[in-house]
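Chemist: So that we are looking at the same thing, I have put the structure below in structure tokens.
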Amino acid sequence: MTTLIDGKAFAADLRAAVGSQVAALIAGPGVTPGLAVVLVGEDPASQVYVRNKHRQTLEAGMNSFEHRLPADSSQQTLLDLVAELNADDAVDGILVQLPLPAQINAQAVLDAIDPAKDVDGFHVVNAGRLATGGDALVPCTPLGCLLLLRHFVGELSGLRAVIVGRSNIVGKPMAQLLLAENCTTTIAHSRTRDLAAECRQADILIAAVGRPEMIRGDWIKPGATVIDVGINRIDAADRGTGKSRLVGDVAFAEAAPIAAAITPVPGGVGPMTIACLLRNTVTAACRRRDLPVPAAAL
Ligand code: NDP
């Protein structure tokens with residue numbers, strides 16, 4: 001019987017656990033963690049993400065500071081705002097919503113964020129700490145995948161993990177996390193020679209590609225755990241049904257009967273990302289004040 005990994009329910013539990021940690025920080029040392037989110041422009045998907053982050057930050061009992069800049073803002077305007085937020089003691093976490101408009105160099109902006117407040121974990125200092133086993137703030141989506149794996153698989157040591165995708169925000173940090181769990185870890189990408197054969201080796205298969213249903217059922221090792229990070233919108237016109245829908249990078253209907261456990265899209269990895277952002281904000285708030293970081297409840 002295949003286990004459907006319910007990321008939505010797991011993320012709700014994680015948010016509740018973070019909420020309890022926030023309540024303890026307020027009642028104890030009198031600290032209310034604060035998250036600042038910066039949105040440049042009016043990209044509709046980014047607006048939805050920012051709205052959800054704002055709502056869930058408040059629901060967890062934290063302060064949420066939203067900053068909206070017009071689409072034609074200069075890089076210097078954004079850098080000035082980041083500098084202000086770096087200096088603001090009420091702000092523990094800074095998130096600049098990506099993608100940024102073309103006139104702004106995203107890496108320059110991400111590198112301007114104080115690494116101690118870099119709750120997205122994209123700063124080169126946090127990437128370096130993750131790679132070298134230090135106290136990093138870990139990118140939220142791979143962290144969410146790891147929490148799901150720890151919960152639904154248990155002991156990961158010695159398992160063979162294959163990650164398809166090598167982006168800085170998902171694939172590479174995911175590989176670092178699984179390496180730290182003592183998995184034997186392979187990173188595959190667009191130049192991998194026989195991707196299907198690589199995937200068939202995987203006890204844990206992570207798909208982070210951005211190509212709808214690219215990974216087929218017969219690429220899955222029987223009994224594997226499949227984590228599908230991909231979010232791909234299939235347009236109404238392509239479906240011929242009048243409704244668009246979201247699919248992952250894995251052909252779910254083919255893969256689910258073969259895998260031991262699999263995440264659906266939507267409702268798998270997606271909800272974990274904001275929950276981990278909240279968790280990272282609590283971590284940052286504690287580390288900045290030399291308070292003990294609450295033990296992970298989940
Ligand atoms: P990127 O486009 O940055 O990276 C995609 C990776 O997939 C690249 O490393 C690329 O290889 C690889 N790739 C592309 N085509 C193939 C192929 N045919 N065979 C093997 N590998 C291939 O994407 P992201 O990492 O940012 O995102 C990946 C997916 O995850 C997207 O669908 C995105 O929407 C989703 N996502 C979901 C999140 C969430 O759940 N909250 C958060 C972030 C992302 P190469 O390097 O060789 O070009």
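Chain lettering (A, B, ...) mirrors the order of the structure tokens, residue numbering begins at 1 for each chain separately, and ligand numbering begins at 1 in order of display.
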Please provide the set of residues having any atom within 12 Å of Gln103 of chain A, restricted to only C-alpha atoms, with same-chain residues fewer than 6 positions apart removed, written as a PyMOL selection string.

Modeler: chain A and resi 40-41+71-78+109

Chemist: Please write the residues from the selection above to a file, keeping N, CA and C atoms, as a short mmCIF file (atom, residue, chain, number, x, y, z; two decimals), in the first residue's frame.

Modeler:
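Okay, part30.cif is ready:
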data_model
loop_
_atom_site.label_atom_id
_atom_site.label_comp_id
_atom_site.auth_asym_id
_atom_site.auth_seq_id
_atom_site.Cartn_x
_atom_site.Cartn_y
_atom_site.Cartn_z
N VAL A 40 8.76 43.34 -5.18
CA VAL A 40 8.98 44.37 -6.19
C VAL A 40 8.12 44.02 -7.40
N GLY A 41 7.22 44.94 -7.76
CA GLY A 41 6.38 44.70 -8.93
C GLY A 41 5.09 43.99 -8.58
N ALA A 71 7.40 48.19 -9.86
CA ALA A 71 8.17 47.31 -10.76
C ALA A 71 9.39 47.99 -11.35
N ASP A 72 9.33 49.35 -11.48
CA ASP A 72 10.47 50.04 -12.11
C ASP A 72 11.48 50.54 -11.07
N SER A 73 11.42 50.01 -9.86
CA SER A 73 12.37 50.44 -8.81
C SER A 73 13.80 50.11 -9.24
N SER A 74 14.73 50.97 -8.81
CA SER A 74 16.13 50.71 -9.16
C SER A 74 16.73 49.71 -8.16
N GLN A 75 17.85 49.14 -8.57
CA GLN A 75 18.57 48.22 -7.69
C GLN A 75 18.97 48.94 -6.40
N GLN A 76 19.39 50.23 -6.54
CA GLN A 76 19.84 50.98 -5.37
C GLN A 76 18.70 51.17 -4.37
N THR A 77 17.49 51.42 -4.89
CA THR A 77 16.33 51.58 -3.98
C THR A 77 16.15 50.30 -3.16
N LEU A 78 16.25 49.16 -3.84
CA LEU A 78 16.06 47.90 -3.14
C LEU A 78 17.21 47.65 -2.14
N VAL A 109 21.35 41.59 -4.62
CA VAL A 109 20.39 41.91 -3.55
C VAL A 109 20.44 40.83 -2.47
#

Chemist: Per residue of chain A within 7 Å of ligand 1, which atom pair is closest and at what distance in Å (one decimal), using only C-alpha atoms and all ligand atoms, listed by chain and increasing number, as a tab-separated table?

Modeler:
residue	atom	partner	partner_atom_place_in_ligand_line	distance
A:Thr141	CA	ligand 1	42 (C)	5.5
A:Val164	CA	ligand 1	21 (N)	5.7
A:Gly165	CA	ligand 1	6 (C)	3.7
A:Arg166	CA	ligand 1	9 (O)	3.7
A:Ser167	CA	ligand 1	25 (O)	4.5
A:Ile169	CA	ligand 1	25 (O)	5.9
A:Val170	CA	ligand 1	25 (O)	4.8
A:Gly171	CA	ligand 1	25 (O)	5.9
A:Ala188	CA	ligand 1	21 (N)	6.2
A:His189	CA	ligand 1	21 (N)	3.6
A:Ser190	CA	ligand 1	21 (N)	3.7
A:Arg191	CA	ligand 1	47 (O)	5.5
A:Thr192	CA	ligand 1	20 (C)	6.6
A:Leu195	CA	ligand 1	20 (C)	6.8
A:Ala208	CA	ligand 1	28 (C)	4.1
A:Val209	CA	ligand 1	7 (O)	3.5
A:Gly210	CA	ligand 1	32 (O)	3.2
A:Arg211	CA	ligand 1	32 (O)	6.5
A:Val229	CA	ligand 1	30 (O)	4.7
A:Gly230	CA	ligand 1	32 (O)	3.5
A:Ile231	CA	ligand 1	32 (O)	4.1
A:Asn232	CA	ligand 1	32 (O)	5.5
A:Asp249	CA	ligand 1	32 (O)	6.9
A:Val269	CA	ligand 1	40 (O)	5.1
A:Gly270	CA	ligand 1	40 (O)	3.6
A:Pro271	CA	ligand 1	41 (N)	6.9
A:Thr273	CA	ligand 1	41 (N)	5.0

Chemist: Where does DSSP see strand (DSSP E) in segment 91-158 of chain A, if you list the residues as an NGL selection string?

Modeler: :A and (93-96)

Chemist: For Ile262 of chain A, find every residue with an atom within 10 Å (counting only C-alpha atoms), except residues of its own chain fewer than 5 positions away, and show them as a ChimeraX atom specification.

Modeler: /A:2-6,152,204-205,224-228,250,252,255-257,268

Chemist: Name the residues of segment 57-276 of chain A that fall into alpha helix (DSSP H) according to DSSP on the backbone, using the chain letters and numbers of this document, as JSON, numbers by chain.

Modeler: {"A": [57, 58, 59, 75, 76, 77, 78, 79, 80, 81, 82, 83, 84, 85, 86, 87, 106, 107, 108, 109, 110, 111, 112, 124, 125, 126, 127, 128, 129, 130, 131, 132, 140, 141, 142, 143, 144, 145, 146, 147, 148, 149, 150, 151, 152, 171, 172, 173, 174, 175, 176, 177, 178, 179, 180, 195, 196, 197, 198, 199, 200, 236, 237, 238, 239, 252, 253, 254, 255, 270, 271, 272, 273, 274, 275, 276]}

Chemist: Looking at A:Ala9, A:Leu178, A:Cys276, A:Ala23, which one is nearest to Pro139 of chain A, with distances taken over only C-alpha atoms?

Modeler: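 Going through A:Ala9, A:Leu178, A:Cys276, A:Ala23 one by one, the smallest distance to Pro139 of chain A is for A:Cys276.
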
Chemist: Quick one: everything within 9 Å of Asp111 of chain A, counting only C-alpha atoms, minus sequence neighbours fewer than 5 positions away in the same chain. Send it as a VMD selection string.

Modeler: chain A and resid 106 122 to 125

Chemist: With N, CA and C atoms retained, could you export that selection as a PDB file, in the first residue's frame?

Modeler:
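Generated file (selection_10.pdb):
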ATOM      1  N   ALA A 106      19.568  40.040  -9.017  1.00  0.00           N
ATOM      2  CA  ALA A 106      19.010  39.351  -7.842  1.00  0.00           C
ATOM      3  C   ALA A 106      20.123  38.903  -6.888  1.00  0.00           C
ATOM      4  N   PHE A 122      19.608  31.811   1.015  1.00  0.00           N
ATOM      5  CA  PHE A 122      20.220  31.928  -0.314  1.00  0.00           C
ATOM      6  C   PHE A 122      21.559  32.666  -0.301  1.00  0.00           C
ATOM      7  N   HIS A 123      21.900  33.317   0.826  1.00  0.00           N
ATOM      8  CA  HIS A 123      23.162  34.055   0.898  1.00  0.00           C
ATOM      9  C   HIS A 123      24.331  33.078   0.810  1.00  0.00           C
ATOM     10  N   VAL A 124      25.395  33.538   0.162  1.00  0.00           N
ATOM     11  CA  VAL A 124      26.545  32.661  -0.048  1.00  0.00           C
ATOM     12  C   VAL A 124      27.133  32.170   1.286  1.00  0.00           C
ATOM     13  N   VAL A 125      27.011  32.969   2.336  1.00  0.00           N
ATOM     14  CA  VAL A 125      27.519  32.546   3.648  1.00  0.00           C
ATOM     15  C   VAL A 125      26.708  31.348   4.166  1.00  0.00           C
TER      16      VAL A 125
END

Chemist: Would you work out the distance separating atom CA of Gln176 of chain A from atom CA of Ala131 of chain A, expressed in Å to one decimal?

Modeler: 6.0 Å

Chemist: From the list A:Ala180, A:Ala285, A:Ile274, A:Leu110, which residue is nearest Thr132 of chain A when using only C-alpha atoms?

Modeler: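 Ranking A:Ala180, A:Ala285, A:Ile274, A:Leu110 by distance to Thr132 of chain A, first place goes to A:Ala180.
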
Chemist: Closest to Met62 of chain A among A:Leu277, A:Leu148, A:Ile234, A:Met174, using only C-alpha atoms?

Modeler: A:Leu277

Chemist: Choose the residue, out of A:Ser46, A:Gln56, A:Ser20, A:Thr185, that has the smallest atom-to-atom separation from Ser157 of chain A; count only C-alpha atoms.

Modeler: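 Closest to Ser157 of chain A, using only C-alpha atoms: A:Thr185.
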
Chemist: Near Ile26 of chain A, counting only C-alpha atoms, which residues have an atom at most 12 Å away, once you skip same-chain residues fewer than 5 positions from it, shown as a PyMOL selection string?

Modeler: chain A and resi 19-21+31-34+60-63+282+285-286

Chemist: Please save N, CA, C and O atoms of the selected residues as a short mmCIF file (atom, residue, chain, number, x, y, z; two decimals), in the first residue's frame.

Modeler:
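Output file selection_26.cif is given in full below:
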data_model
loop_
_atom_site.label_atom_id
_atom_site.label_comp_id
_atom_site.auth_asym_id
_atom_site.auth_seq_id
_atom_site.Cartn_x
_atom_site.Cartn_y
_atom_site.Cartn_z
N GLY A 19 4.19 28.09 16.14
CA GLY A 19 3.35 29.03 16.92
C GLY A 19 3.59 28.86 18.42
O GLY A 19 3.67 29.85 19.16
N SER A 20 3.72 27.61 18.88
CA SER A 20 3.98 27.37 20.31
C SER A 20 5.36 27.91 20.69
O SER A 20 5.54 28.46 21.79
N GLN A 21 6.33 27.74 19.79
CA GLN A 21 7.68 28.26 20.08
C GLN A 21 7.66 29.78 20.17
O GLN A 21 8.31 30.38 21.03
N VAL A 31 10.50 38.11 23.40
CA VAL A 31 10.90 38.34 22.00
C VAL A 31 9.75 37.96 21.07
O VAL A 31 9.24 36.83 21.15
N THR A 32 9.34 38.89 20.21
CA THR A 32 8.38 38.56 19.16
C THR A 32 9.15 38.54 17.83
O THR A 32 9.54 39.61 17.34
N PRO A 33 9.38 37.34 17.27
CA PRO A 33 10.12 37.31 16.01
C PRO A 33 9.38 38.10 14.92
O PRO A 33 8.15 38.15 14.91
N GLY A 34 10.16 38.73 14.04
CA GLY A 34 9.56 39.53 12.98
C GLY A 34 10.13 39.14 11.61
O GLY A 34 11.33 38.93 11.47
N ALA A 60 1.09 32.61 13.18
CA ALA A 60 2.06 31.97 14.09
C ALA A 60 2.42 32.89 15.26
O ALA A 60 3.23 32.52 16.11
N GLY A 61 1.86 34.09 15.29
CA GLY A 61 2.09 35.00 16.42
C GLY A 61 3.27 35.93 16.23
O GLY A 61 3.68 36.63 17.15
N MET A 62 3.83 35.93 15.00
CA MET A 62 5.01 36.77 14.76
C MET A 62 4.59 38.11 14.15
O MET A 62 3.47 38.26 13.68
N ASN A 63 5.53 39.04 14.12
CA ASN A 63 5.29 40.30 13.41
C ASN A 63 5.60 40.10 11.93
O ASN A 63 6.58 39.44 11.58
N VAL A 282 12.09 31.86 13.41
CA VAL A 282 12.28 31.61 14.85
C VAL A 282 13.76 31.29 15.13
O VAL A 282 14.36 31.82 16.07
N ALA A 285 15.69 34.48 14.96
CA ALA A 285 15.40 35.34 16.12
C ALA A 285 16.19 34.87 17.34
O ALA A 285 16.70 35.69 18.12
N CYS A 286 16.28 33.56 17.53
CA CYS A 286 16.99 33.02 18.70
C CYS A 286 18.50 33.20 18.54
O CYS A 286 19.17 33.67 19.47
#
